[in-house]
Amino acid sequence: MVATRRRDGRIAQDRMLEEAVAAIAENGLAALTMSGLAERLGTSGGHILYYFGSKDQLLLAALRWSEDRLTEERTRLLARRVAADRKLDLFLDLYLPVGPRDPRWMLWVELWARTAGNAELLAAQDEIDLGWQRDLATVLARGAAKGVLVVDDPAMAASELLALLEGLSTRTVLGLGGTTREGALVLARRATGRLVG
């Protein structure tokens, strides 16, 4: 694979992160090595280490990179002029994985196992989760203010709903119980209806 290069000959960090996420989605975190990633990129493991320092730092950067793109999409979603129930449905659609082995969700699943012993990774995941929760609470609060949704405590409802979505996402990306994206979306909509009216 030919890598995109900057004028100075260095492989762009975004390209490294994109390839790292793709490699994890294809083969899992255990199979990701600096040398394997370097081979995919047509560079050396030392070059990757120069930018990221360690595999853990690379993974943390990859997590942030993949989530930054969705943060931009959430920001656009919050600014859209659509009915609150429609906006909530679009939020559910954005949150859930696109299907089995979704690269973003494979990265999350792989990193959860490493979080217990890594305070920096835990803090990063918590920060990302809080961003999703804050934006969902905003959608719920606006819907409640307009009388479209029935929500007493938007922050609590957002936390409960995200816990459900996380579980459905994990089942979908791993293919547990035959869960598909379409099935997960149906279940998410049903649970949302019960939770927020």
# chains A, B, ... in the order shown; residues from 1 in each chain; ligands from 1
>>> select_by_dssp(residues="chain A", states="alpha helix (DSSP H)", output="ChimeraX atom specification")
/A:13-27,34-41,45-52,55-79,84-95,103-115,119-145,154-174,181-196
>>> residues_around(residues="range 22-26 of chain A", least_positions_apart="3", cutoff="9 Å", atoms="only C-alpha atoms", output="NGL selection string")
:A and (17-19 or 29-32 or 37 or 40 or 101-107 or 110)
>>> write_last_selection(atoms="N, CA, C and O atoms", output="compact mmCIF listing (two decimals), in the first residue's frame")
# COMPACT_ATOMS: atom_id res chain seq x y z
N LEU A 17 -2.76 6.81 11.90
CA LEU A 17 -3.89 6.50 12.78
C LEU A 17 -5.00 5.79 12.00
O LEU A 17 -5.60 4.83 12.50
N GLU A 18 -5.25 6.24 10.80
CA GLU A 18 -6.26 5.60 9.96
C GLU A 18 -5.89 4.13 9.70
O GLU A 18 -6.74 3.24 9.79
N GLU A 19 -4.64 3.88 9.41
CA GLU A 19 -4.19 2.50 9.15
C GLU A 19 -4.21 1.66 10.42
O GLU A 19 -4.51 0.47 10.37
N LEU A 29 -6.50 -6.14 18.11
CA LEU A 29 -5.40 -5.41 18.70
C LEU A 29 -4.18 -6.28 18.92
O LEU A 29 -3.04 -5.83 18.75
N ALA A 30 -4.40 -7.53 19.30
CA ALA A 30 -3.27 -8.41 19.59
C ALA A 30 -2.36 -8.59 18.37
O ALA A 30 -1.15 -8.75 18.51
N ALA A 31 -2.95 -8.53 17.18
CA ALA A 31 -2.16 -8.72 15.96
C ALA A 31 -1.48 -7.44 15.49
O ALA A 31 -0.63 -7.49 14.59
N LEU A 32 -1.83 -6.31 16.09
CA LEU A 32 -1.23 -5.04 15.67
C LEU A 32 0.16 -4.89 16.28
O LEU A 32 0.30 -4.85 17.50
N LEU A 37 2.34 -2.51 11.27
CA LEU A 37 1.76 -1.24 10.85
C LEU A 37 2.72 -0.50 9.92
O LEU A 37 2.30 0.08 8.91
N ARG A 40 2.48 -1.89 6.49
CA ARG A 40 1.27 -1.41 5.80
C ARG A 40 1.47 -0.01 5.24
O ARG A 40 0.93 0.34 4.20
N ARG A 101 -17.56 -5.59 13.01
CA ARG A 101 -16.16 -5.17 12.85
C ARG A 101 -16.01 -3.71 12.42
O ARG A 101 -15.03 -3.33 11.79
N ASP A 102 -16.99 -2.89 12.79
CA ASP A 102 -16.87 -1.45 12.59
C ASP A 102 -15.54 -1.01 13.20
O ASP A 102 -15.29 -1.28 14.38
N PRO A 103 -14.67 -0.33 12.44
CA PRO A 103 -13.33 0.00 12.95
C PRO A 103 -13.34 0.78 14.26
O PRO A 103 -12.57 0.49 15.17
N ARG A 104 -14.21 1.78 14.35
CA ARG A 104 -14.26 2.58 15.58
C ARG A 104 -14.63 1.71 16.78
O ARG A 104 -14.01 1.78 17.84
N TRP A 105 -15.66 0.89 16.60
CA TRP A 105 -16.12 0.07 17.72
C TRP A 105 -15.15 -1.07 18.03
O TRP A 105 -15.00 -1.45 19.20
N MET A 106 -14.47 -1.59 17.03
CA MET A 106 -13.45 -2.62 17.31
C MET A 106 -12.34 -2.02 18.17
O MET A 106 -11.83 -2.67 19.07
N LEU A 107 -12.00 -0.78 17.89
CA LEU A 107 -10.97 -0.10 18.69
C LEU A 107 -11.45 0.04 20.13
O LEU A 107 -10.71 -0.26 21.07
N GLU A 110 -11.43 -3.39 21.90
CA GLU A 110 -10.05 -3.82 22.18
C GLU A 110 -9.42 -3.00 23.32
O GLU A 110 -8.68 -3.53 24.14
>>> closest_residue(among="A:Leu140, A:Leu130, A:Met16, A:Leu111", to="Tyr51 in chain A", atoms="only C-alpha atoms")
A:Met16
>>> closest_residue(among="A:Leu63, A:Asp56, A:Ala155, A:Gly42", to="Val21 in chain A", atoms="only C-alpha atoms")
A:Leu63
>>> closest_residue(among="A:Leu195, A:Leu96, A:Ala124, A:Ala84", to="Gly167 in chain A", atoms="only C-alpha atoms")
A:Leu96
>>> atom_distance(atom1="CA of Arg15 in chain A", atom2="CA of Glu120 in chain A")
23.1 Å
>>> closest_residue(among="A:Arg76, A:Leu149, A:Leu174, A:Ile128", to="Gly28 in chain A", atoms="only C-alpha atoms")
A:Leu174
>>> closest_residue(among="A:Trp65, A:Arg74, A:Arg189, A:Ala83", to="Ala145 in chain A", atoms="only C-alpha atoms")
A:Ala83
>>> atom_distance(atom1="CA of Arg171 in chain A", atom2="CA of Trp108 in chain A")
12.6 Å
>>> atom_distance(atom1="CA of Ala123 in chain A", atom2="CA of Ala61 in chain A")
12.9 Å
>>> residues_around(residues="Arg190 in chain A", least_positions_apart="4", cutoff="12 Å", atoms="only C-alpha atoms", output="list of chain:residue names")
A:Asp89, A:Leu92, A:Leu161, A:Leu164, A:Leu165, A:Gly183, A:Ala184, A:Leu185, A:Val186, A:Arg194, A:Leu195, A:Val196, A:Gly197
>>> write_last_selection(atoms="C-alpha atoms", output="mmCIF file, in the first residue's frame")
data_model
loop_
_atom_site.group_PDB
_atom_site.id
_atom_site.type_symbol
_atom_site.label_atom_id
_atom_site.label_comp_id
_atom_site.auth_asym_id
_atom_site.auth_seq_id
_atom_site.Cartn_x
_atom_site.Cartn_y
_atom_site.Cartn_z
ATOM 1 C CA ASP A 89 -33.265 9.055 16.097
ATOM 2 C CA LEU A 92 -28.996 6.763 17.796
ATOM 3 C CA LEU A 161 -29.614 5.404 27.179
ATOM 4 C CA LEU A 164 -27.969 0.570 26.547
ATOM 5 C CA LEU A 165 -26.484 1.784 23.250
ATOM 6 C CA GLY A 183 -31.845 -5.108 14.897
ATOM 7 C CA ALA A 184 -29.858 -2.972 17.315
ATOM 8 C CA LEU A 185 -31.472 0.168 15.936
ATOM 9 C CA VAL A 186 -34.947 -1.322 16.395
ATOM 10 C CA ARG A 194 -39.945 3.658 26.888
ATOM 11 C CA LEU A 195 -37.313 5.866 28.489
ATOM 12 C CA VAL A 196 -38.291 9.273 27.136
ATOM 13 C CA GLY A 197 -41.874 8.804 25.980
#
>>> decode(residues="range 78-89 of chain A", atoms="N, CA, C and O atoms", output="compact mmCIF listing (two decimals), in the first residue's frame")
# COMPACT_ATOMS: atom_id res chain seq x y z
N LEU A 78 -26.52 18.56 16.24
CA LEU A 78 -27.14 19.42 17.25
C LEU A 78 -27.61 20.74 16.64
O LEU A 78 -28.59 21.33 17.09
N ALA A 79 -26.92 21.19 15.60
CA ALA A 79 -27.27 22.47 14.96
C ALA A 79 -28.40 22.34 13.95
O ALA A 79 -28.97 23.35 13.54
N ARG A 80 -28.75 21.12 13.57
CA ARG A 80 -29.79 20.93 12.55
C ARG A 80 -31.15 21.36 13.06
O ARG A 80 -31.47 21.19 14.24
N ARG A 81 -31.95 21.88 12.15
CA ARG A 81 -33.32 22.30 12.49
C ARG A 81 -34.28 21.18 12.11
O ARG A 81 -34.89 21.24 11.04
N VAL A 82 -34.35 20.19 12.98
CA VAL A 82 -35.29 19.07 12.79
C VAL A 82 -36.00 18.83 14.12
O VAL A 82 -35.53 19.26 15.17
N ALA A 83 -37.12 18.15 14.05
CA ALA A 83 -37.89 17.86 15.26
C ALA A 83 -37.03 17.06 16.24
O ALA A 83 -36.16 16.28 15.84
N ALA A 84 -37.29 17.25 17.54
CA ALA A 84 -36.48 16.63 18.58
C ALA A 84 -36.48 15.10 18.48
O ALA A 84 -35.44 14.46 18.68
N ASP A 85 -37.63 14.51 18.18
CA ASP A 85 -37.67 13.05 18.08
C ASP A 85 -36.87 12.56 16.89
O ASP A 85 -36.20 11.52 16.95
N ARG A 86 -36.87 13.32 15.80
CA ARG A 86 -36.05 12.97 14.63
C ARG A 86 -34.57 13.13 14.95
O ARG A 86 -33.75 12.31 14.58
N LYS A 87 -34.23 14.19 15.65
CA LYS A 87 -32.83 14.42 16.03
C LYS A 87 -32.33 13.30 16.94
O LYS A 87 -31.21 12.83 16.81
N LEU A 88 -33.19 12.86 17.85
CA LEU A 88 -32.84 11.75 18.74
C LEU A 88 -32.59 10.48 17.93
O LEU A 88 -31.64 9.75 18.18
N ASP A 89 -33.44 10.23 16.95
CA ASP A 89 -33.26 9.06 16.10
C ASP A 89 -31.95 9.13 15.31
O ASP A 89 -31.24 8.13 15.17
